[in-house]
There are 4 protein chains.
Amino acid sequence: MTGSVQTAVIGVTGYAGAELARLLLHHPRLRGTPPVFAGRVDEKDAARGGVPLAEIHPHIVDNNGSGDLRQEAFSWELLAARGVEVLFLATPHEQSRAWAPEALARGLRVIDLSGAWRLTEAANRAVYAFEDDDPELASATQAQAVYGMPELHRAKIAGARLVANPGCYSTSVILPLRPLVAAELVDLECGIIADSKSGVSGAGKAPTAKTHYMYAADNLSAYGAFTHRHTGELLEQIGVSTEQIAFVPHLLPIPRGILSTIHVRFKQPQTRESIAHVYREFFSGSPMVRLYGHTLPQIQYSVRTCYADIGFQLDASGRRAVIVSCLDNLLKGASSQAVQNLNVMYGWGEAEGLE
Amino acid sequence: MTGSVQTAVIGVTGYAGAELARLLLHHPRLRGTPPVFAGRVDEKDAARGGVPLAEIHPHIVDNNGSGDLRQEAFSWELLAARGVEVLFLATPHEQSRAWAPEALARGLRVIDLSGAWRLTEAANRAVYAFEDDDPELASATQAQAVYGMPELHRAKIAGARLVANPGCYSTSVILPLRPLVAAELVDLECGIIADSKSGVSGAGKAPTAKTHYMYAADNLSAYGAFTHRHTGELLEQIGVSTEQIAFVPHLLPIPRGILSTIHVRFKQPQTRESIAHVYREFFSGSPMVRLYGHTLPQIQYSVRTCYADIGFQLDASGRRAVIVSCLDNLLKGASSQAVQNLNVMYGWGEAEGLE
Amino acid sequence: MTGSVQTAVIGVTGYAGAELARLLLHHPRLRGTPPVFAGRVDEKDAARGGVPLAEIHPHIVDNNGSGDLRQEAFSWELLAARGVEVLFLATPHEQSRAWAPEALARGLRVIDLSGAWRLTEAANRAVYAFEDDDPELASATQAQAVYGMPELHRAKIAGARLVANPGCYSTSVILPLRPLVAAELVDLECGIIADSKSGVSGAGKAPTAKTHYMYAADNLSAYGAFTHRHTGELLEQIGVSTEQIAFVPHLLPIPRGILSTIHVRFKQPQTRESIAHVYREFFSGSPMVRLYGHTLPQIQYSVRTCYADIGFQLDASGRRAVIVSCLDNLLKGASSQAVQNLNVMYGWGEAEGLE
Amino acid sequence: MTGSVQTAVIGVTGYAGAELARLLLHHPRLRGTPPVFAGRVDEKDAARGGVPLAEIHPHIVDNNGSGDLRQEAFSWELLAARGVEVLFLATPHEQSRAWAPEALARGLRVIDLSGAWRLTEAANRAVYAFEDDDPELASATQAQAVYGMPELHRAKIAGARLVANPGCYSTSVILPLRPLVAAELVDLECGIIADSKSGVSGAGKAPTAKTHYMYAADNLSAYGAFTHRHTGELLEQIGVSTEQIAFVPHLLPIPRGILSTIHVRFKQPQTRESIAHVYREFFSGSPMVRLYGHTLPQIQYSVRTCYADIGFQLDASGRRAVIVSCLDNLLKGASSQAVQNLNVMYGWGEAEGLE
């Protein structure tokens with residue numbers, strides 16, 4: 001298999017970063033070209049050449065040599081010296097906001113896993129309250145950003161210098177809705193309900209009151225109704241207005257996985273086949289989406305895979321549907337979608353390294 | 001505290017039966033009058049006077065003598081001999097369908113925890129496919145049944161001979177919706193979405209593929225969309241038609257608890273206070289409902305309590321709301337609601353023995 | 001029921017503090033005499049009379065008025081003004097170390113739930129590295145302390161001014177072992193193994209890397225082998241030397257509950273009855289210990305009860321036994337044992353308020 | 001990569017069978033040679049060529065064609081027609097007992113994942129109560145069986161016709177103990193304690209009272225103390241007598257993974273380095289064992305890997321050690337060890353397809 005590329009990963013210490021590392025280390029195109037891992041490293045660790053991955057994530061290294069890999073002290077010079085072409089930012093959005101323009105200026109292509117560059121409309125970006133040193137540069141950078149969902153924007157991603165990798169919830173809501181809304185089947189007057197449920201890894205690695213085992217276990221809680229940061233992505237990518245969709249996320253007592261239950265009304269009665277046809281057409285050529293037939297997907301079938309699973313059920317009248325989508329928030333909701341974007345950017349098979 | 005009554009419980013072996021036993025054993029009105037526990041008992045166990053509760057449910061007995069209680073071989077004569085006045089049926093609906101008429105004929109008052117007598121409309125009952133020996137008797141029995149939700153039917157329950165204790169999901173959806181629909185606030189054209197999530201105990205004690213730990217753990221799955229048996233209760237008690245509500249239950253990886261996320265549109269813009277007012281008025285005098293202020297209820301706060309918790313959040317326009325209700329499916333969703341009905345039937349404090 | 005006492009609780013915000021509050025609020029002797037809750041309260045909250053319990057622990061308040069209770073700003077004057085006689089310290093051991101002498105000096109009786117005053121031997125206390133302002137006072141205070149395990153020290157607890165409530169692991173290991181070692185049955189040459197497993201609440205409420213859901217869930221880990229702080233309690237209370245017992249705790253992926261698997265060799269072959277007899281004798285008059293017959297206790301049967309459950313199994317030779325003990329780390333392992341001590345101190349029924 | 005072999009799997013419907021299928025489908029030597037899956041198939045399914053794997057295990061198929069694979073109706077003729085050389089039996093031990101001799105007679109090599117052929121000593125086999133049609137044939141078959149733990153019997157496995165794949169618990173106890181006992185370091189007078197904890201998948205896929213979510217979740221229970229079926233494997237492979245080891249398994253509330261905590265006394269004081277040296281020597285050349293340095297392994301690091309992880313801690317005297325081993329019961333405890341044996345039998349790299 002020919003064609004490789006030197007990548008770098010900033011933020012390997014987080015959950016998505018760990019999965020990203022695992023995928024890149026086993027990617028058939030990248031054998032022999034492991035990513036450069038870089039980040040904040042204290043002096044003592046810098047002196048020993050960085051922190052071994054084996055200490056950060058014992059579970060992603062094997063007995064084959066990957067145990068020797070290290071997270072090194074970040075510098076732009078390090079990336080240049082190693083010939084890095086593509087930079088993955090698995091970093092907080094503030095950091096991505098600061099680093100992406102610099103990386104682009106240095107000729108790197110960037111795949112950013114944060115929320116920093118996903119939103120085109122200023123109104124939608126307001127929830128992030130970005131404080132940019134240079135608003136003009138930020139604006140110019142945003143103009144280059146492509147929303148990194150290959151099923152919607154494959155062609156643009158191929159040529160992109162800056163890919164804004166979608167949010168996990170967003171992926172689970174946009175994929176099942178965009179085909180139906182684009183086909184103008186959905187009654188937007190009555191609006192769409194996206195009732196989503198995510199495992200705890202979605203809340204990040206920082207220990208907080210809400211990620212404490214005692215809070216999350218044996219519990220379910222709704223949060224961020226009408227106000228969650230991912231809402232803007234839904235509006236822009238599905239093509240609906242604020243009043244036309246209600247998004248309510250919940251915290252599930254499981255480590256990983258998102259299930260979104262989406263409730264829609266149709267303008268005209270539909271049949272199982274009419275809806276299935278729309279999905280098949282839309283996702284033909286999209287290897288990372290699995291369409292379900294007569295059953296609904298479940299979290300356990302998509303967790304630890306790189307797929308988004310979609311299924312649906314109509315009511316007797318054909319006027320209403322419940323659509324269920326499932327994915328792994330750390331994979332199709334983050335790291336494997338990033339690798340899928342890499343595949344598209346380099347003209348490789350879209351599913352390479354993801355099955 | 002004066003006034004007691006001899007009760008009997010059929011079906012103590014199940015999850016709801018166990019909780020019912022626990023509540024009745026600790027009820028202040030029933031000290032010294034423990035329930036008669038009866039059911040199918042094999043010959044060997046009958047010979048030793050029945051099966052000790054301590055063997056069936058080690059966790060509901062204490063060192064104070066309740067360990068001596070037994071599930072005895074059921075017979076109508078046993079109940080008569082013990083002076084039983086109130087019969088709790090924590091039995092499959094087929095059994096409740098057969099036994100309730102007989103019990104009424106023998107002068108007992110019945111609180112039935114199954115789905116046997118909850119539905120007035122024949123169309124709604126169709127999902128149960130009841131095969132009654134005597135359709136006329138069944139019809140006459142149904143005519144006596146009162147839907148056992150004190151918050152809606154307190155006065156009728158007081159005088160009822162047959163109380164049909166509500167379903168667990170139904171309780172979690174009817175309580176938050178009935179006040180708003182009764183006040184004619186809800187836009188029923190666009191319809192109501194009730195997206196419910198229940199712990200595994202709701203699926204019963206029989207080991208099945210779906211109650212296997214490996215199926216339920218680390219998972220979430222939707223099931224019974226548009227067709228769940230509890231839907232008929234929603235229609236009759238909320239006062240809406242099939243097209244006006246979509247009910248979709250999910251199986252949560254937790255032992256107990258239901259959270260229902262209910263999505264509504266209002267005919268006119270509402271305020272936090274206008275909605276709170278409706279709820280306060282409706283539930284004034286209802287001690288087993290807790291209204292939340294600015295936060296939403298969570299499963300962990302209602303599990304192992306006898307309360308239904310209700311909270312809500314409006315969107316910026318005041319035109320849409322997300323209402324969250326939580327309860328313990330084995331308590332307010334089954335056994336404690338049954339005891340609440342007992343309290344109402346005997347004129348005791350509605351919350352006695354439930355706090 | 002006559003005889004009450006004014007108590008105060010410091011540390012109601014923690015897990016054990018919450019359970020302690022719940023028990024005291026429902027204790028039959030303390031109806032009408034709720035505890036004073038006191039602690040660090042910021043100015044804003046002090047201005048409104050403290051933080052409502054309903055905000056700290058929504059699940060321990062009911063609709064009966066306990067929602068009005070507050071955690072007030074601590075001062076010795078507050079305690080005096082309220083007529084507090086007994087002070088529960090559910091505080092870190094450093095704080096208990098500082099406050100207990102002061103409380104005693106002010107004439108209060110103290111039940112301390114921390115590790116501050118449990119250890120008689122200086123060598124065993126070394127792991128805590130206490131930094132006492134006044135070593136002499138500390139030494140005099142320690143001399144007054146009684147180890148608060150009623151099953152071992154009932155008489156001394158009755159008259160104690162300072163009760164050192166045992167550790168959770170300690171309780172689960174001492175109770176099953178003390179009777180056998182006291183009866184000189186155990187071969188101490190080969191040593192005892194105490195392999196203990198605890199739910200996450202044992203690690204406290206502070207969010208840390210180890211209490212993060214993603215660390216604890218779907219996992220099991222051993223920690224503190226040979227060095228855990230509770231080891232000293234085992235030595236002193238069982239009456240063995242360091243070499244004679246190995247204690248290895250594990251972190252279980254459950255909210256609450258401890259199961260200790262204890263492996264012993266006997267000097268002489270034993271029978272099921274000989275061992276059962278020793279236990280029955282030792283725990284006769286101990287209402288909070290439940291002895292199992294032919295089955296072994298499980299965590300699910302003791303969680304949310306105030307009991308310690310003990311069962312055992314012999315090998316074919318009668319020379320070896322596996323003893324299993326279970327308890328709820330927040331109840332018999334902390335708060336309910338504290339209330340049990342209160343009962344003993346005031347001559348009430350030892351099990352009052354605990355069943 | 002050259003050299004392939006046609007395999008067949010009986011029992012793909014179970015948990016271990018599913019993992020075995022996944023490993024074989026992705027094994028680099030078996031690309032283009034997927035296993036034949038065979039078993040009991042009803043007439044209707046036989047008519048459509050068997051049951052699609054995609055229906056049995058939605059999670060192990062991908063979009064690359066493996067969805068077309070089917071479990072076909074078993075017959076010896078089918079295996080012959082497909083040119084099967086190696087037969088994996090992921091079947092109940094009764095079935096393996098009946099089928100292995102037949103398979104050998106037909107010239108197949110067999111890797112049996114059940115307990116049917118693991119035990120050399122009749123006394124140890126007694127717990128299985130085998131009812132063989134032909135005791136002589138059974139005896140001759142047993143004589144050919146090699147215990148399939150490459151770390152102990154690599155050379156014999158290479159030439160074996162019948163490999164008896166070890167039990168999951170057995171693997172987790174034998175690997176850490178055999179090196180120390182072989183080096184004659186362990187004080188066998190006082191005996192060894194193996195306190196093991198396993199996730200629920202170890203109990204199999206059949207829904208039972210003990211695999212019900214409500215039994216397993218939030219619980220821990222010990223079972224089979226001194227009598228578990230895997231005990232015989234420990235005796236034969238570690239080389240100790242019944243009195244010299246106590247094995248007590250527990251059921252953990254997690255889907256997968258085993259952690260064994262092993263308590264030993266040494267004849268002479270040891271150092272960290274002396275023990276580490278013994279392990280390093282023993283496992284040099286064993287790629288599927290990972291030795292831990294100063295930390296202990298945890299279940300989360302070995303689950304979903306094909307490794308057995310081993311770590312240990314000494315007490316201050318060097319006379320006692322706690323050894324912790326972790327593995328995934330469905331992988332190194334079953335299916336990946338079976339593939340490891342396949343690798344050894346065909347002279348491939350022992351870790352091929354397992355990293």
# chains A, B, ... in the order shown; residues from 1 in each chain; ligands from 1
$ residues_around --residues "Ile275 of chain B" --least-positions-apart "2" --cutoff "12 Å" --atoms "only C-alpha atoms" --output "mmCIF file with C-alpha atoms, in the first residue's frame"
data_model
loop_
_atom_site.group_PDB
_atom_site.id
_atom_site.type_symbol
_atom_site.label_atom_id
_atom_site.label_comp_id
_atom_site.auth_asym_id
_atom_site.auth_seq_id
_atom_site.Cartn_x
_atom_site.Cartn_y
_atom_site.Cartn_z
ATOM 1 C CA PRO B 176 -46.651 15.929 34.075
ATOM 2 C CA LEU B 177 -49.011 16.161 31.087
ATOM 3 C CA PRO B 179 -52.323 19.462 34.187
ATOM 4 C CA LEU B 180 -51.111 21.178 31.010
ATOM 5 C CA VAL B 181 -53.591 19.480 28.698
ATOM 6 C CA ALA B 183 -55.532 23.724 31.139
ATOM 7 C CA GLU B 184 -55.696 23.654 27.315
ATOM 8 C CA LEU B 185 -52.204 25.075 26.966
ATOM 9 C CA VAL B 186 -50.727 22.429 24.706
ATOM 10 C CA PHE B 266 -47.813 25.634 23.582
ATOM 11 C CA GLN B 268 -49.494 30.716 23.300
ATOM 12 C CA PRO B 269 -46.108 31.735 24.728
ATOM 13 C CA GLN B 270 -45.759 30.807 28.364
ATOM 14 C CA THR B 271 -43.540 31.910 31.212
ATOM 15 C CA ARG B 272 -41.797 29.847 33.868
ATOM 16 C CA GLU B 273 -44.274 31.219 36.350
ATOM 17 C CA HIS B 277 -48.646 28.021 38.620
ATOM 18 C CA VAL B 278 -50.620 25.416 36.701
ATOM 19 C CA TYR B 279 -48.615 22.636 38.314
ATOM 20 C CA ARG B 280 -48.842 24.083 41.820
ATOM 21 C CA GLU B 281 -52.612 24.396 41.554
ATOM 22 C CA PHE B 282 -53.083 20.932 40.136
ATOM 23 C CA LEU B 291 -42.261 20.063 41.896
ATOM 24 C CA TYR B 292 -38.786 21.248 40.961
ATOM 25 C CA GLY B 293 -37.895 24.906 40.612
ATOM 26 C CA ILE B 310 -41.507 17.001 37.938
ATOM 27 C CA GLY B 311 -39.482 19.872 36.497
ATOM 28 C CA PHE B 312 -39.413 21.758 33.218
ATOM 29 C CA GLN B 313 -37.528 24.172 31.043
ATOM 30 C CA LEU B 314 -38.896 26.639 28.468
ATOM 31 C CA GLY B 318 -41.870 30.438 25.623
ATOM 32 C CA ARG B 319 -43.497 28.387 22.881
ATOM 33 C CA ARG B 320 -41.790 25.082 23.646
ATOM 34 C CA ALA B 321 -41.045 23.217 26.843
ATOM 35 C CA VAL B 322 -39.110 20.187 27.895
ATOM 36 C CA ILE B 323 -40.687 18.559 30.928
#
$ interface_residues --of "chain B" --to "chain A" --cutoff "6 Å" --atoms "only C-alpha atoms" --output "PyMOL selection string"
chain B and resi 190+218-221+254+298-300
$ write_last_selection --atoms "N, CA and C atoms" --output "PDB file, in the first residue's frame"
ATOM      1  N   CYS B 190     -49.562  19.724  16.726  1.00  0.00           N
ATOM      2  CA  CYS B 190     -48.183  19.283  16.485  1.00  0.00           C
ATOM      3  C   CYS B 190     -47.855  18.039  17.300  1.00  0.00           C
ATOM      4  N   ASP B 218     -24.091  -1.339  29.750  1.00  0.00           N
ATOM      5  CA  ASP B 218     -23.345  -0.532  28.757  1.00  0.00           C
ATOM      6  C   ASP B 218     -24.132  -0.357  27.461  1.00  0.00           C
ATOM      7  N   ASN B 219     -25.432  -0.322  27.535  1.00  0.00           N
ATOM      8  CA  ASN B 219     -26.260  -0.271  26.349  1.00  0.00           C
ATOM      9  C   ASN B 219     -27.396   0.729  26.552  1.00  0.00           C
ATOM     10  N   LEU B 220     -28.058   1.069  25.478  1.00  0.00           N
ATOM     11  CA  LEU B 220     -29.344   1.761  25.522  1.00  0.00           C
ATOM     12  C   LEU B 220     -30.069   1.345  24.261  1.00  0.00           C
ATOM     13  N   SER B 221     -31.351   1.028  24.385  1.00  0.00           N
ATOM     14  CA  SER B 221     -32.110   0.602  23.205  1.00  0.00           C
ATOM     15  C   SER B 221     -33.534   1.126  23.310  1.00  0.00           C
ATOM     16  N   ILE B 254     -29.651   0.579  34.210  1.00  0.00           N
ATOM     17  CA  ILE B 254     -29.694   0.811  35.658  1.00  0.00           C
ATOM     18  C   ILE B 254     -30.752  -0.122  36.227  1.00  0.00           C
ATOM     19  N   GLN B 298     -33.619  14.297  38.511  1.00  0.00           N
ATOM     20  CA  GLN B 298     -32.761  13.235  37.988  1.00  0.00           C
ATOM     21  C   GLN B 298     -33.230  11.919  38.589  1.00  0.00           C
ATOM     22  N   ILE B 299     -32.900  10.865  37.913  1.00  0.00           N
ATOM     23  CA  ILE B 299     -33.340   9.560  38.422  1.00  0.00           C
ATOM     24  C   ILE B 299     -32.823   9.308  39.833  1.00  0.00           C
ATOM     25  N   GLN B 300     -31.576   9.673  40.105  1.00  0.00           N
ATOM     26  CA  GLN B 300     -30.995   9.335  41.410  1.00  0.00           C
ATOM     27  C   GLN B 300     -31.736   9.980  42.588  1.00  0.00           C
TER      28      GLN B 300
END
$ residues_around --residues "Arg229 of chain A" --least-positions-apart "4" --cutoff "9 Å" --atoms "only C-alpha atoms" --output "mmCIF file with N, CA and C atoms, in the first residue's frame"
data_model
loop_
_atom_site.group_PDB
_atom_site.id
_atom_site.type_symbol
_atom_site.label_atom_id
_atom_site.label_comp_id
_atom_site.auth_asym_id
_atom_site.auth_seq_id
_atom_site.Cartn_x
_atom_site.Cartn_y
_atom_site.Cartn_z
ATOM 1 N N GLY A 115 -14.585 22.447 19.057
ATOM 2 C CA GLY A 115 -15.676 23.238 18.482
ATOM 3 C C GLY A 115 -15.217 24.562 17.890
ATOM 4 N N ASN A 124 -24.410 31.665 15.972
ATOM 5 C CA ASN A 124 -24.227 30.331 16.526
ATOM 6 C C ASN A 124 -22.936 30.202 17.323
ATOM 7 N N ARG A 125 -21.916 30.967 16.896
ATOM 8 C CA ARG A 125 -20.631 30.909 17.597
ATOM 9 C C ARG A 125 -20.680 31.585 18.959
ATOM 10 N N VAL A 127 -22.156 31.155 21.683
ATOM 11 C CA VAL A 127 -22.079 30.326 22.894
ATOM 12 C C VAL A 127 -20.641 30.032 23.310
ATOM 13 N N TYR A 128 -19.726 30.101 22.355
ATOM 14 C CA TYR A 128 -18.330 29.809 22.707
ATOM 15 C C TYR A 128 -17.594 31.030 23.243
ATOM 16 N N GLY A 224 -28.763 21.063 29.549
ATOM 17 C CA GLY A 224 -28.529 21.889 28.359
ATOM 18 C C GLY A 224 -29.682 21.912 27.366
ATOM 19 N N GLU A 233 -24.441 23.631 15.250
ATOM 20 C CA GLU A 233 -24.075 22.716 14.158
ATOM 21 C C GLU A 233 -25.319 22.101 13.529
#
$ residues_around --residues "Asn341 of chain D" --least-positions-apart "5" --cutoff "7 Å" --atoms "only C-alpha atoms" --output "list in words"
Gly148, Pro150 and Ile157 of chain D
$ residues_around --residues "segment 33-50 of chain D" --least-positions-apart "4" --cutoff "6 Å" --atoms "only C-alpha atoms" --output "number ranges by chain"
D: 7-10, 25, 70-74
$ write_last_selection --atoms "C-alpha atoms" --output "short mmCIF file (atom, residue, chain, number, x, y, z; two decimals), in the first residue's frame"
data_model
loop_
_atom_site.label_atom_id
_atom_site.label_comp_id
_atom_site.auth_asym_id
_atom_site.auth_seq_id
_atom_site.Cartn_x
_atom_site.Cartn_y
_atom_site.Cartn_z
CA THR D 7 -10.86 -23.44 9.84
CA ALA D 8 -14.37 -24.13 11.07
CA VAL D 9 -16.07 -22.80 14.17
CA ILE D 10 -18.84 -24.63 15.97
CA LEU D 25 -11.97 -12.91 10.28
CA ARG D 70 -23.58 -17.47 7.58
CA GLN D 71 -23.81 -20.12 10.23
CA GLU D 72 -24.66 -23.20 8.16
CA ALA D 73 -26.25 -26.47 9.17
CA PHE D 74 -23.51 -28.65 10.58
#
$ select_by_dssp --residues "segment 82-299 of chain A" --states "strand (DSSP E or B)" --output "short mmCIF file (atom, residue, chain, number, x, y, z; two decimals) with N, CA and C atoms, in the first residue's frame"
data_model
loop_
_atom_site.label_atom_id
_atom_site.label_comp_id
_atom_site.auth_asym_id
_atom_site.auth_seq_id
_atom_site.Cartn_x
_atom_site.Cartn_y
_atom_site.Cartn_z
N VAL A 86 0.28 16.92 8.56
CA VAL A 86 -1.09 17.04 9.05
C VAL A 86 -1.09 17.07 10.57
N LEU A 87 -1.79 18.08 11.09
CA LEU A 87 -1.82 18.25 12.54
C LEU A 87 -3.23 17.97 13.06
N PHE A 88 -3.35 16.99 13.96
CA PHE A 88 -4.62 16.76 14.64
C PHE A 88 -4.63 17.53 15.95
N LEU A 89 -5.64 18.34 16.14
CA LEU A 89 -5.78 19.07 17.40
C LEU A 89 -6.91 18.43 18.21
N ARG A 109 -1.64 21.12 7.21
CA ARG A 109 -3.08 20.91 7.13
C ARG A 109 -3.55 20.55 8.53
N VAL A 110 -4.72 21.00 8.89
CA VAL A 110 -5.18 20.84 10.27
C VAL A 110 -6.52 20.11 10.31
N ILE A 111 -6.61 19.12 11.18
CA ILE A 111 -7.91 18.50 11.48
C ILE A 111 -8.16 18.78 12.96
N ASP A 112 -9.14 19.64 13.21
CA ASP A 112 -9.38 20.11 14.58
C ASP A 112 -10.60 19.40 15.16
N ALA A 145 -12.31 27.02 6.76
CA ALA A 145 -12.68 25.78 7.45
C ALA A 145 -13.79 25.03 6.70
N VAL A 146 -13.64 23.73 6.63
CA VAL A 146 -14.68 22.88 6.05
C VAL A 146 -15.22 21.98 7.16
N TYR A 147 -16.54 21.87 7.23
CA TYR A 147 -17.16 21.02 8.25
C TYR A 147 -16.89 19.56 7.90
N LEU A 162 -8.09 23.20 6.43
CA LEU A 162 -8.55 23.18 7.83
C LEU A 162 -9.90 22.45 7.88
N VAL A 163 -9.91 21.33 8.55
CA VAL A 163 -11.14 20.56 8.68
C VAL A 163 -11.64 20.68 10.12
N ALA A 164 -12.89 21.14 10.25
CA ALA A 164 -13.50 21.26 11.59
C ALA A 164 -14.29 19.98 11.83
N VAL A 186 -39.92 16.62 5.75
CA VAL A 186 -40.25 16.87 7.15
C VAL A 186 -41.12 18.11 7.33
N ILE A 192 -38.79 19.47 14.89
CA ILE A 192 -38.10 18.20 15.10
C ILE A 192 -37.66 18.14 16.55
N ILE A 193 -37.77 16.94 17.13
CA ILE A 193 -37.22 16.73 18.48
C ILE A 193 -36.03 15.81 18.37
N ALA A 194 -34.88 16.23 18.90
CA ALA A 194 -33.72 15.35 18.98
C ALA A 194 -33.42 15.11 20.45
N ASP A 195 -33.79 13.93 20.92
CA ASP A 195 -33.63 13.56 22.33
C ASP A 195 -32.42 12.63 22.39
N SER A 196 -31.28 13.17 22.82
CA SER A 196 -30.01 12.44 22.72
C SER A 196 -29.50 12.01 24.08
N LYS A 197 -28.77 10.89 24.08
CA LYS A 197 -28.24 10.34 25.32
C LYS A 197 -26.80 9.93 25.07
N SER A 198 -25.91 10.41 25.95
CA SER A 198 -24.48 10.13 25.75
C SER A 198 -23.84 9.52 26.98
N HIS A 212 -18.05 12.28 38.45
CA HIS A 212 -17.85 11.38 39.59
C HIS A 212 -18.74 10.15 39.40
N SER A 221 -29.80 11.96 33.64
CA SER A 221 -30.15 13.36 33.84
C SER A 221 -30.13 14.08 32.50
N ALA A 222 -31.09 14.98 32.33
CA ALA A 222 -31.12 15.84 31.15
C ALA A 222 -30.36 17.12 31.49
N ILE A 245 -36.15 22.99 15.58
CA ILE A 245 -35.57 21.80 16.20
C ILE A 245 -35.35 22.03 17.69
N ALA A 246 -35.65 21.03 18.50
CA ALA A 246 -35.36 21.09 19.93
C ALA A 246 -34.38 19.96 20.23
N PHE A 247 -33.26 20.33 20.82
CA PHE A 247 -32.21 19.35 21.10
C PHE A 247 -32.02 19.25 22.61
N VAL A 248 -32.22 18.06 23.15
CA VAL A 248 -32.10 17.85 24.60
C VAL A 248 -31.17 16.67 24.85
N PRO A 249 -29.97 16.93 25.35
CA PRO A 249 -29.04 15.84 25.68
C PRO A 249 -29.23 15.32 27.10
N HIS A 250 -28.83 14.08 27.30
CA HIS A 250 -28.90 13.41 28.61
C HIS A 250 -27.57 12.71 28.88
N LEU A 251 -27.24 12.59 30.17
CA LEU A 251 -26.02 11.88 30.57
C LEU A 251 -26.36 10.45 30.97
N ILE A 258 -23.40 7.10 22.01
CA ILE A 258 -24.52 8.04 21.94
C ILE A 258 -25.67 7.37 21.21
N LEU A 259 -26.86 7.53 21.74
CA LEU A 259 -28.08 7.16 21.02
C LEU A 259 -28.93 8.41 20.94
N SER A 260 -29.31 8.78 19.72
CA SER A 260 -30.23 9.90 19.54
C SER A 260 -31.57 9.37 19.05
N THR A 261 -32.62 9.75 19.77
CA THR A 261 -33.97 9.39 19.35
C THR A 261 -34.57 10.65 18.73
N ILE A 262 -34.88 10.55 17.46
CA ILE A 262 -35.31 11.74 16.73
C ILE A 262 -36.76 11.56 16.30
N HIS A 263 -37.58 12.54 16.66
CA HIS A 263 -39.01 12.46 16.41
C HIS A 263 -39.37 13.48 15.33
N VAL A 264 -39.95 13.00 14.22
CA VAL A 264 -40.33 13.92 13.14
C VAL A 264 -41.77 13.64 12.69
N ARG A 265 -42.38 14.68 12.13
CA ARG A 265 -43.65 14.54 11.40
C ARG A 265 -43.37 14.80 9.94
N PHE A 266 -44.07 14.08 9.08
CA PHE A 266 -43.88 14.28 7.64
C PHE A 266 -45.01 15.13 7.08
N VAL A 289 -21.57 4.64 7.32
CA VAL A 289 -22.95 4.67 7.81
C VAL A 289 -23.57 3.31 7.54
N ARG A 290 -24.16 2.73 8.57
CA ARG A 290 -24.88 1.45 8.40
C ARG A 290 -26.37 1.71 8.56
N LEU A 291 -27.14 1.32 7.56
CA LEU A 291 -28.59 1.49 7.63
C LEU A 291 -29.23 0.21 8.13
#
$ residues_around --residues "Pro28 of chain B" --least-positions-apart "5" --cutoff "12 Å" --atoms "only C-alpha atoms" --output "ChimeraX atom specification"
/B:1-5,23,33-34,339,343,348-349,351-355
$ write_last_selection --atoms "C-alpha atoms" --output "JSON list (two decimals), in the first residue's frame"
[["chain", "number", "residue", "atom", "x", "y", "z"],
["B", 1, "MET", "CA", -52.66, 5.50, 65.52],
["B", 2, "THR", "CA", -55.97, 3.75, 65.13],
["B", 3, "GLY", "CA", -57.57, 1.93, 62.27],
["B", 4, "SER", "CA", -55.89, -0.99, 60.61],
["B", 5, "VAL", "CA", -56.89, -3.49, 57.96],
["B", 23, "LEU", "CA", -43.93, -0.95, 52.50],
["B", 33, "THR", "CA", -51.15, -6.69, 61.08],
["B", 34, "PRO", "CA", -48.67, -7.99, 58.53],
["B", 339, "VAL", "CA", -50.22, 1.75, 49.10],
["B", 343, "ASN", "CA", -54.38, 5.10, 52.23],
["B", 348, "TRP", "CA", -55.68, 7.68, 56.09],
["B", 349, "GLY", "CA", -53.09, 10.32, 55.31],
["B", 351, "ALA", "CA", -48.49, 9.85, 52.39],
["B", 352, "GLU", "CA", -48.59, 7.57, 55.43],
["B", 353, "GLY", "CA", -45.93, 4.93, 55.30],
["B", 354, "LEU", "CA", -44.43, 6.43, 52.17],
["B", 355, "GLU", "CA", -41.88, 8.88, 53.51]]
